[in-house]
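File shown: final.cif. Contents: mmCIF, C-alpha atoms and all ligand atoms.
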```cif
data_entry
loop_
_atom_site.label_atom_id
_atom_site.label_comp_id
_atom_site.auth_asym_id
_atom_site.auth_seq_id
_atom_site.Cartn_x
_atom_site.Cartn_y
_atom_site.Cartn_z
CA MET A 1 61.99 -11.32 23.59
CA PHE A 2 61.97 -12.53 19.97
CA SER A 3 64.28 -11.54 17.20
CA LEU A 4 64.59 -12.45 13.56
CA SER A 5 67.96 -13.21 12.09
CA GLN A 6 68.39 -14.60 8.57
CA LYS A 7 64.60 -14.97 8.58
CA SER A 8 64.86 -17.39 11.53
CA LEU A 9 63.27 -16.82 14.87
CA TYR A 10 65.35 -16.58 18.04
CA VAL A 11 63.81 -16.57 21.52
CA GLU A 12 66.28 -14.68 23.63
CA PRO A 13 65.23 -15.54 27.20
CA LEU A 14 65.39 -19.24 26.32
CA ASP A 15 68.46 -19.02 24.09
CA LEU A 16 66.42 -21.09 21.60
CA TRP A 17 66.29 -20.92 17.81
CA ILE A 18 63.12 -21.91 15.99
CA ASP A 19 63.31 -23.70 12.60
CA SER A 20 66.60 -21.97 11.87
CA LEU A 21 67.93 -22.36 8.34
CA ARG A 22 71.46 -22.04 9.68
CA SER A 23 73.07 -24.69 11.81
CA GLN A 24 72.77 -23.78 15.51
CA GLU A 25 73.88 -25.22 18.86
CA ARG A 26 70.27 -25.88 19.86
CA CYS A 27 67.19 -25.42 17.72
CA TYR A 28 63.53 -26.29 17.88
CA VAL A 29 62.49 -28.10 14.68
CA SER A 30 58.73 -28.08 14.02
CA HIS A 31 58.71 -30.85 11.38
CA GLY A 32 60.82 -32.82 8.95
CA HIS A 33 60.48 -30.81 5.70
CA SER A 34 63.87 -29.58 4.55
CA ASP A 35 62.86 -25.91 4.63
CA HIS A 36 62.43 -26.28 8.41
CA ALA A 37 64.62 -29.18 9.51
CA ARG A 38 68.31 -28.49 9.22
CA GLU A 39 71.14 -30.23 11.02
CA HIS A 40 71.93 -28.61 14.40
CA ARG A 41 74.05 -29.76 17.32
CA THR A 42 70.85 -30.40 19.30
CA LEU A 43 67.38 -30.61 17.76
CA VAL A 44 64.46 -30.02 20.11
CA THR A 45 61.55 -31.88 18.56
CA THR A 46 58.99 -34.68 18.81
CA PRO A 47 60.03 -38.37 18.76
CA ASN A 48 58.40 -38.88 15.33
CA THR A 49 60.13 -35.85 13.78
CA ALA A 50 63.40 -37.11 15.28
CA ARG A 51 62.92 -40.43 13.42
CA ILE A 52 62.12 -38.61 10.18
CA CYS A 53 65.21 -36.39 10.59
CA CYS A 54 67.41 -39.45 11.31
CA ALA A 55 66.24 -41.00 8.02
CA ARG A 56 66.74 -37.76 6.12
CA PHE A 57 70.15 -36.94 7.61
CA ALA A 58 71.44 -40.53 7.26
CA ARG A 59 72.81 -39.90 3.79
CA ARG A 60 75.03 -37.20 5.23
CA ALA A 61 76.58 -39.30 7.97
CA GLU A 62 80.03 -37.79 7.40
CA ARG A 63 78.81 -34.52 8.94
CA ALA A 64 78.95 -33.68 12.66
CA PRO A 65 76.53 -35.88 14.62
CA VAL A 66 73.28 -34.35 15.80
CA THR A 67 71.56 -35.12 19.08
CA PHE A 68 67.83 -35.01 19.72
CA GLU A 69 66.05 -33.59 22.73
CA GLU A 70 62.66 -35.26 22.33
CA HIS A 71 59.38 -34.08 23.82
CA ALA A 72 56.05 -35.85 23.35
CA PHE A 73 52.87 -33.89 22.57
CA ASN A 74 51.33 -32.20 25.62
CA GLU A 75 54.12 -33.12 28.02
CA PRO A 76 55.35 -29.68 29.10
CA TRP A 77 58.83 -28.98 30.44
CA GLU A 78 60.32 -26.04 32.32
CA GLU A 79 63.14 -23.93 31.04
CA ARG A 80 64.48 -20.63 32.44
CA ASP A 81 61.19 -19.63 34.14
CA HIS A 82 59.10 -20.62 31.11
CA ARG A 83 56.91 -23.61 30.40
CA LEU A 84 57.24 -25.14 26.93
CA THR A 85 54.74 -27.53 25.34
CA LEU A 86 54.64 -29.22 21.94
CA PHE A 87 51.28 -30.14 20.41
CA SER A 88 50.18 -31.49 17.03
CA ALA A 89 50.19 -29.27 13.94
CA GLY A 90 48.58 -31.97 11.74
CA HIS A 91 50.92 -31.04 8.86
CA VAL A 92 53.05 -34.20 8.43
CA LEU A 93 53.81 -37.03 10.86
CA GLY A 94 55.43 -35.64 14.02
CA SER A 95 54.77 -31.99 13.12
CA ALA A 96 54.34 -29.84 16.19
CA GLN A 97 53.39 -26.39 17.34
CA LEU A 98 55.37 -24.86 20.20
CA MET A 99 53.72 -23.06 23.10
CA ILE A 100 55.86 -20.91 25.40
CA GLU A 101 54.23 -19.70 28.60
CA GLY A 102 55.85 -17.13 30.84
CA GLU A 103 54.84 -14.77 33.62
CA ARG A 104 53.45 -12.30 31.11
CA GLY A 105 51.50 -14.55 28.79
CA SER A 106 51.49 -17.36 26.26
CA PHE A 107 52.93 -17.54 22.76
CA VAL A 108 52.35 -20.20 20.09
CA TYR A 109 54.47 -20.85 17.02
CA THR A 110 52.35 -22.93 14.64
CA GLY A 111 54.98 -23.93 12.07
CA ASP A 112 53.26 -25.40 9.00
CA PHE A 113 49.83 -26.70 9.95
CA LYS A 114 46.45 -27.87 8.70
CA LEU A 115 43.19 -28.42 10.55
CA ARG A 116 41.60 -31.25 8.59
CA ASP A 117 42.09 -34.83 9.73
CA SER A 118 44.37 -37.01 7.66
CA LEU A 119 44.82 -40.75 7.25
CA THR A 120 48.49 -40.61 8.15
CA VAL A 121 49.11 -37.70 10.56
CA GLU A 122 48.32 -37.07 14.24
CA PRO A 123 45.07 -35.02 14.58
CA PRO A 124 45.78 -31.28 14.85
CA GLU A 125 45.08 -29.22 17.94
CA VAL A 126 44.45 -25.51 18.57
CA LYS A 127 45.21 -23.98 21.96
CA ARG A 128 44.15 -20.59 23.22
CA CYS A 129 47.07 -18.19 23.51
CA ASP A 130 47.90 -14.48 23.83
CA VAL A 131 50.12 -14.25 20.77
CA VAL A 132 50.35 -16.60 17.81
CA LEU A 133 52.92 -16.68 15.05
CA MET A 134 51.28 -18.57 12.20
CA GLU A 135 52.01 -19.48 8.61
CA CYS A 136 49.57 -18.16 6.00
CA THR A 137 50.64 -20.01 2.82
CA TYR A 138 47.06 -19.99 1.44
CA GLY A 139 46.02 -16.64 2.98
CA ARG A 140 43.86 -15.45 0.07
CA PRO A 141 40.10 -16.03 -0.14
CA GLN A 142 40.23 -17.98 -3.41
CA TYR A 143 42.05 -20.82 -1.65
CA VAL A 144 39.20 -22.97 -0.41
CA PHE A 145 40.04 -26.64 -0.72
CA PRO A 146 37.24 -29.06 -1.67
CA PRO A 147 36.28 -31.61 1.01
CA HIS A 148 38.97 -34.23 1.53
CA ASP A 149 36.68 -37.15 0.54
CA GLU A 150 35.93 -35.44 -2.77
CA VAL A 151 39.63 -34.94 -3.55
CA ALA A 152 40.38 -38.56 -2.58
CA ALA A 153 37.54 -39.86 -4.81
CA GLN A 154 38.82 -37.82 -7.77
CA MET A 155 42.35 -39.17 -7.30
CA VAL A 156 41.08 -42.76 -7.22
CA ALA A 157 38.86 -42.20 -10.29
CA PHE A 158 41.78 -40.69 -12.23
CA ALA A 159 44.05 -43.63 -11.32
CA ARG A 160 41.39 -46.22 -12.29
CA GLU A 161 40.50 -44.56 -15.61
CA THR A 162 44.16 -44.30 -16.50
CA LEU A 163 44.90 -47.96 -15.74
CA GLU A 164 41.75 -49.02 -17.66
CA GLY A 165 43.07 -47.03 -20.63
CA ASP A 166 46.32 -49.04 -20.46
CA ALA A 167 48.37 -46.06 -19.31
CA VAL A 168 50.35 -45.52 -16.08
CA PRO A 169 48.98 -42.94 -13.62
CA VAL A 170 51.82 -40.89 -12.07
CA PHE A 171 51.13 -38.75 -8.99
CA PHE A 172 53.73 -36.12 -8.14
CA ALA A 173 53.77 -35.65 -4.36
CA TYR A 174 56.31 -34.46 -1.76
CA SER A 175 58.24 -37.45 -0.41
CA LEU A 176 57.40 -36.52 3.17
CA GLY A 177 53.74 -36.34 4.09
CA LYS A 178 51.85 -35.92 0.84
CA ALA A 179 53.22 -39.12 -0.69
CA GLN A 180 52.24 -41.22 2.36
CA GLU A 181 48.73 -39.77 2.38
CA ALA A 182 48.41 -40.47 -1.36
CA MET A 183 49.54 -44.05 -0.69
CA ALA A 184 46.87 -44.43 2.00
CA ILE A 185 44.11 -42.97 -0.23
CA LEU A 186 44.98 -44.97 -3.36
CA GLY A 187 45.94 -48.15 -1.52
CA ARG A 188 42.67 -48.20 0.42
CA ALA A 189 40.87 -48.25 -2.93
CA GLY A 190 42.78 -51.43 -3.76
CA LEU A 191 45.11 -49.86 -6.34
CA PRO A 192 48.60 -51.40 -6.67
CA LEU A 193 51.32 -48.90 -5.73
CA THR A 194 54.91 -48.31 -6.75
CA VAL A 195 56.88 -45.51 -5.07
CA HIS A 196 60.15 -43.64 -5.51
CA GLY A 197 62.98 -44.70 -3.14
CA ALA A 198 62.77 -41.43 -1.16
CA VAL A 199 59.04 -42.01 -0.64
CA GLU A 200 59.73 -45.58 0.49
CA THR A 201 62.35 -44.45 3.04
CA LEU A 202 59.85 -42.11 4.69
CA ALA A 203 56.98 -44.60 4.36
CA GLN A 204 59.11 -47.02 6.39
CA VAL A 205 59.53 -44.36 9.09
CA TYR A 206 55.76 -43.79 9.12
CA GLU A 207 55.21 -47.53 9.55
CA ALA A 208 57.83 -47.71 12.32
CA CYS A 209 55.90 -44.89 14.05
CA GLY A 210 52.70 -46.94 13.94
CA VAL A 211 50.99 -45.61 10.78
CA THR A 212 49.33 -48.34 8.72
CA LEU A 213 50.11 -48.06 5.02
CA PRO A 214 48.91 -50.31 2.21
CA PRO A 215 51.31 -52.70 0.42
CA TYR A 216 53.65 -50.99 -2.03
CA ALA A 217 56.70 -51.72 -4.16
CA ARG A 218 59.82 -49.60 -4.51
CA TYR A 219 60.45 -48.42 -8.07
CA HIS A 220 63.13 -50.30 -9.99
CA ALA A 221 63.40 -49.70 -13.74
CA GLU A 222 63.88 -53.42 -14.43
CA THR A 223 60.93 -54.71 -12.42
CA PHE A 224 58.40 -51.86 -12.70
CA ASP A 225 54.85 -53.15 -13.16
CA LEU A 226 53.09 -51.04 -15.80
CA ARG A 227 49.74 -51.89 -14.20
CA SER A 228 50.50 -49.99 -11.00
CA VAL A 229 50.11 -46.40 -9.80
CA LEU A 230 53.41 -44.54 -9.49
CA ILE A 231 54.04 -41.99 -6.71
CA TRP A 232 56.99 -39.76 -7.51
CA PRO A 233 58.54 -36.63 -5.90
CA PRO A 234 57.74 -33.40 -7.78
CA GLY A 235 61.45 -32.53 -7.80
CA GLY A 236 62.01 -35.44 -10.17
CA LYS A 237 59.50 -34.20 -12.77
CA ALA A 238 61.31 -36.10 -15.48
CA LEU A 239 59.59 -39.44 -15.77
CA PRO A 240 61.58 -42.50 -14.72
CA LYS A 241 63.36 -44.69 -17.25
CA ALA A 242 60.78 -47.49 -17.34
CA LEU A 243 58.12 -45.01 -18.50
CA ARG A 244 59.96 -43.51 -21.44
CA ASN A 245 57.88 -43.88 -24.59
CA LYS A 246 55.08 -45.54 -22.59
CA PRO A 247 51.55 -44.10 -22.26
CA VAL A 248 51.34 -42.16 -18.99
CA ARG A 249 48.98 -39.63 -17.42
CA THR A 250 50.35 -37.31 -14.78
CA ALA A 251 48.80 -35.45 -11.85
CA VAL A 252 50.24 -33.15 -9.19
CA LEU A 253 49.02 -33.14 -5.59
CA THR A 254 49.09 -29.61 -4.25
CA GLY A 255 46.79 -26.88 -2.96
CA TRP A 256 48.16 -24.69 -5.74
CA SER A 257 46.23 -26.79 -8.25
CA LEU A 258 43.33 -24.40 -7.54
CA ASP A 259 45.30 -21.85 -9.60
CA ARG A 260 44.55 -21.88 -13.32
CA SER A 261 48.25 -21.72 -14.12
CA ALA A 262 49.15 -24.67 -11.89
CA LEU A 263 49.00 -27.40 -14.51
CA PHE A 264 51.20 -25.38 -16.83
CA ARG A 265 53.61 -24.67 -13.96
CA TYR A 266 53.83 -28.30 -12.88
CA GLY A 267 53.65 -29.66 -16.41
CA THR A 268 50.97 -32.22 -15.55
CA GLU A 269 47.64 -33.17 -17.09
CA ARG A 270 45.71 -32.96 -13.82
CA GLY A 271 46.04 -31.40 -10.37
CA PHE A 272 44.30 -32.40 -7.15
CA ALA A 273 44.04 -30.03 -4.18
CA LEU A 274 45.45 -32.41 -1.60
CA SER A 275 47.27 -30.06 0.75
CA ASP A 276 49.14 -30.33 4.05
CA HIS A 277 48.46 -26.65 4.77
CA ALA A 278 45.43 -24.79 6.08
CA ASP A 279 43.28 -23.20 3.39
CA TYR A 280 41.89 -19.68 3.80
CA PRO A 281 38.82 -20.63 5.88
CA ALA A 282 41.00 -22.86 8.10
CA LEU A 283 43.45 -19.99 8.73
CA LEU A 284 40.55 -17.82 9.93
CA GLN A 285 39.15 -20.72 11.92
CA TYR A 286 42.51 -21.13 13.67
CA VAL A 287 42.50 -17.48 14.78
CA GLU A 288 38.90 -17.79 15.93
CA ARG A 289 39.69 -20.84 18.06
CA ALA A 290 43.04 -19.64 19.47
CA GLN A 291 41.58 -16.19 20.31
CA PRO A 292 44.96 -14.41 20.43
CA ARG A 293 45.21 -10.70 21.17
CA LYS A 294 47.90 -10.50 18.50
CA VAL A 295 48.57 -12.50 15.32
CA LEU A 296 52.00 -12.54 13.73
CA LEU A 297 52.35 -14.00 10.26
CA ASN A 298 55.11 -15.60 8.24
CA HIS A 299 55.42 -17.87 5.18
CA GLY A 300 52.59 -16.63 3.02
CA TRP A 301 50.70 -13.82 1.35
CA ARG A 302 51.55 -10.55 3.05
CA ASP A 303 48.05 -9.20 2.32
CA PHE A 304 46.57 -11.70 4.78
CA VAL A 305 47.65 -9.13 7.40
CA TYR A 306 45.18 -6.61 5.96
CA ARG A 307 42.42 -9.19 5.70
CA LEU A 308 42.81 -9.96 9.41
CA ARG A 309 42.96 -6.26 10.32
CA ALA A 310 39.74 -5.69 8.37
CA LEU A 311 38.16 -8.27 10.68
CA GLY A 312 39.33 -6.26 13.70
CA ILE A 313 42.24 -8.58 14.50
CA ASP A 314 45.58 -7.10 15.54
CA ALA A 315 47.94 -8.62 12.96
CA GLU A 316 51.47 -7.98 11.72
CA TYR A 317 53.82 -9.57 9.26
CA MET A 318 56.78 -10.94 11.20
CA GLU A 319 59.41 -10.02 8.66
CA ASP A 320 58.52 -6.33 9.00
CA HIS A 321 60.20 -6.50 12.41
CA ALA A 322 63.78 -7.34 13.29
CA GLN A 323 62.90 -7.60 16.94
CA LEU A 324 59.67 -8.02 18.83
CA SER A 325 59.06 -7.74 22.53
CA LEU A 326 55.92 -9.63 23.25
CA PHE A 327 56.02 -10.19 26.96
ZN ZN B 401 56.21 -28.23 5.77
#
```

Can you give me the file's structure in the form of structure tokens?
Ligand SMILES: [Zn+2]
Amino acid sequence: MFSLSQKSLYVEPLDLWIDSLRSQERCYVSHGHSDHAREHRTLVTTPNTARICCARFARRAERAPVTFEEHAFNEPWEERDHRLTLFSAGHVLGSAQLMIEGERGSFVYTGDFKLRDSLTVEPPEVKRCDVVLMECTYGRPQYVFPPHDEVAAQMVAFARETLEGDAVPVFFAYSLGKAQEAMAILGRAGLPLTVHGAVETLAQVYEACGVTLPPYARYHAETFDLRSVLIWPPGGKALPKALRNKPVRTAVLTGWSLDRSALFRYGTERGFALSDHADYPALLQYVERAQPRKVLLNHGWRDFVYRLRALGIDAEYMEDHAQLSLF
């Protein structure tokens, strides 16, 4: 029923691609990150992910137009003798899991997910299913994120100390998802915020989708206020013009900051484990709650397969198979 081509999943009976990295006629897109959301003729997705994709694709308007087939969470539709349902993955705004139910059972594709609640994302859901294909980015036992409140308090303390020391705190965070959550955390504490243009574009989409964000300014070299907190995409590690030769302190927001080498890798002074993925206990918790008879894994440590098997769970790494018949 399922096959893998170019590391992308294809569901044959539905003629449906899932998060394909190559442009397809019709593809399900789980969320707006660029390693999942590519331009296809028709994107099957949630209304919020459609808005995020529109904002992200806008700069490439010269390309062939894309159309969106939108489905709200928990509003199933029928297709070729199967019932399909999208439900929240809690990863970034609009992120969804896909459930496919047929005569012979139910299958869930999680896409990227997390289980903790967030200030800016729809609460995640776990549904019971027969087979789950899940990501396992942090599928090693050392990846246990501290409680969210603790991480948030550390971020606020770092920003305050830095401003009190007459330096600019710079947080490196992905433009989609992490940056908006950082804005909510730091803004709630009353800290003035300045954000990169890409962060602003997506923050505007979040606001249009009903997420409340604190006041913020878009970064301009000429008008940048040195008494504000700067939120910047990690891809643009080089500090912006207005900060050259100015005292700054930098921090990266990623689950990988639990690794000793992370600060060296990201080139920052501090790292805070604010993640949009499930940590190791949350991955196990997902399996426990979904109660699948089979777990398929992708995007993560391959040895998570053996950890699940040791717990008596039937698990396989998806990329070990070109084709899988599940039903
Ligand atoms: Zn993602």

Problem set entry | Protein and nucleic residues near ligand ZN 401 (chain B), 10 Å, only C-alpha atoms and all ligand atoms, as JSON, numbers by chain | {"A": [30, 31, 32, 33, 34, 35, 36, 37, 91, 92, 95, 111, 112, 113, 174, 176, 177, 276, 277]}

Problem set entry | Close residues, Glu70 in chain A itself excluded, 6 Å, all atoms listed in the file, min 3 positions apart in chain, as a PyMOL selection string | chain A and resi 44-47

For this session: Name all residues at most 10 Å from range 281-296 of chain A (count only C-alpha atoms; drop same-chain ones fewer than 5 positions away) and give them as a VMD selection string.
Result: chain A and resid 106 to 109 113 to 116 125 to 145 304 to 305 307 to 309 311 313 to 319 326

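Near Phe87 in chain A, within a cut-off of 7 Å and counting all atoms listed in the file, sit the residues Phe73, Asn74, Ala96, Gln97, Leu98 and Glu125 of chain A, with same-chain residues fewer than 4 positions away left out.
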
For this session: Could you tell me how far CA of Arg83 in chain A lies from CA of Glu103 in chain A, in Å and to one decimal?
Result: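 Pair CA of Arg83 in chain A / CA of Glu103 in chain A returns 9.6 Å.
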
Which residues are near Thr85 in chain A? Cut-off 7 Å, all atoms listed in the file, ignore same chain within fewer than 4 positions. Put them as a PDB file with C-alpha atoms, in the frame of the given file.
```pdb
ATOM      1  CA  ASN A  74      51.330 -32.200  25.620  1.00  0.00           C
ATOM      2  CA  GLU A  75      54.120 -33.120  28.020  1.00  0.00           C
ATOM      3  CA  PRO A  76      55.350 -29.680  29.100  1.00  0.00           C
ATOM      4  CA  TRP A  77      58.830 -28.980  30.440  1.00  0.00           C
ATOM      5  CA  LEU A  98      55.370 -24.860  20.200  1.00  0.00           C
ATOM      6  CA  MET A  99      53.720 -23.060  23.100  1.00  0.00           C
ATOM      7  CA  ILE A 100      55.860 -20.910  25.400  1.00  0.00           C
TER       8      ILE A 100
END
```

Which residues come within 7 Å of range 192-207 of chain A, counting all atoms listed in the file, excluding same-chain residues fewer than 2 positions away, as a compact mmCIF listing (two decimals) with C-alpha atoms, in the frame of the given file?
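What landed in result-v6.txt:
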```
# COMPACT_ATOMS: atom_id res chain seq x y z
CA ARG A 51 62.92 -40.43 13.42
CA ILE A 52 62.12 -38.61 10.18
CA SER A 175 58.24 -37.45 -0.41
CA LEU A 176 57.40 -36.52 3.17
CA ALA A 179 53.22 -39.12 -0.69
CA GLN A 180 52.24 -41.22 2.36
CA GLY A 187 45.94 -48.15 -1.52
CA GLY A 190 42.78 -51.43 -3.76
CA CYS A 209 55.90 -44.89 14.05
CA GLY A 210 52.70 -46.94 13.94
CA VAL A 211 50.99 -45.61 10.78
CA THR A 212 49.33 -48.34 8.72
CA LEU A 213 50.11 -48.06 5.02
CA TYR A 216 53.65 -50.99 -2.03
CA ALA A 217 56.70 -51.72 -4.16
CA ARG A 218 59.82 -49.60 -4.51
CA TYR A 219 60.45 -48.42 -8.07
CA SER A 228 50.50 -49.99 -11.00
CA VAL A 229 50.11 -46.40 -9.80
CA LEU A 230 53.41 -44.54 -9.49
CA ILE A 231 54.04 -41.99 -6.71
CA TRP A 232 56.99 -39.76 -7.51
```

Problem set entry | Separation of CA of Thr120 in chain A from CA of Glu181 in chain A, in Å and rounded to one decimal |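 For CA of Thr120 in chain A relative to CA of Glu181 in chain A, the distance reads 5.8 Å.
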
Problem set entry | Atomic distance CA of Asp225 in chain A - CA of Met183 in chain A, expressed in Å with one decimal |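 Interatomic distance, CA of Asp225 in chain A to CA of Met183 in chain A: 16.3 Å.
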
For this session: Would you list the residues near (49.3, -29.4, -2.0), meaning any protein, DNA or RNA residue with an atom at most 9 Å from that point in file coordinates, counting all atoms listed in the file, as a PyMOL selection string?
Result: chain A and resi 173-174+178+252-257+272-277

For this session: Point out the residue among A:Ala58, A:Pro247, A:Ala278, A:Val29 with the least atom-to-atom distance to Gly90 in chain A, counting all atoms listed in the file.
Result: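 Closest to Gly90 in chain A, using all atoms listed in the file: A:Ala278.
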
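Of the listed residues A:Met155, A:Phe171, A:Thr110, A:Glu101, the one whose atoms come nearest to His299 in chain A is A:Thr110, with distances taken using only C-alpha atoms.
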
For this session: Go through A:Asp279, A:Glu78, A:Asp303, A:Glu269 and flag the residue nearest Leu14 in chain A, using only C-alpha atoms for the distances.
Result: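 Using only C-alpha atoms, Leu14 in chain A sits closest to A:Glu78.
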
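Using all atoms listed in the file for every distance, the candidate list A:Ala208, A:Ala242, A:Ala189, A:Val248 yields A:Val248 as the residue closest to Leu163 in chain A.
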
Problem set entry | Of the listed residues A:Leu86, A:Ala221, A:Val121, A:Val170, that which approaches Thr268 in chain A most closely, counting all atoms listed in the file | A:Val170

For this session: Using only C-alpha atoms, find all polymer residues with an atom at most 12 Å away from the point (68.3, -26.7, 16.4); report them as a count of residues only.
Result: 37
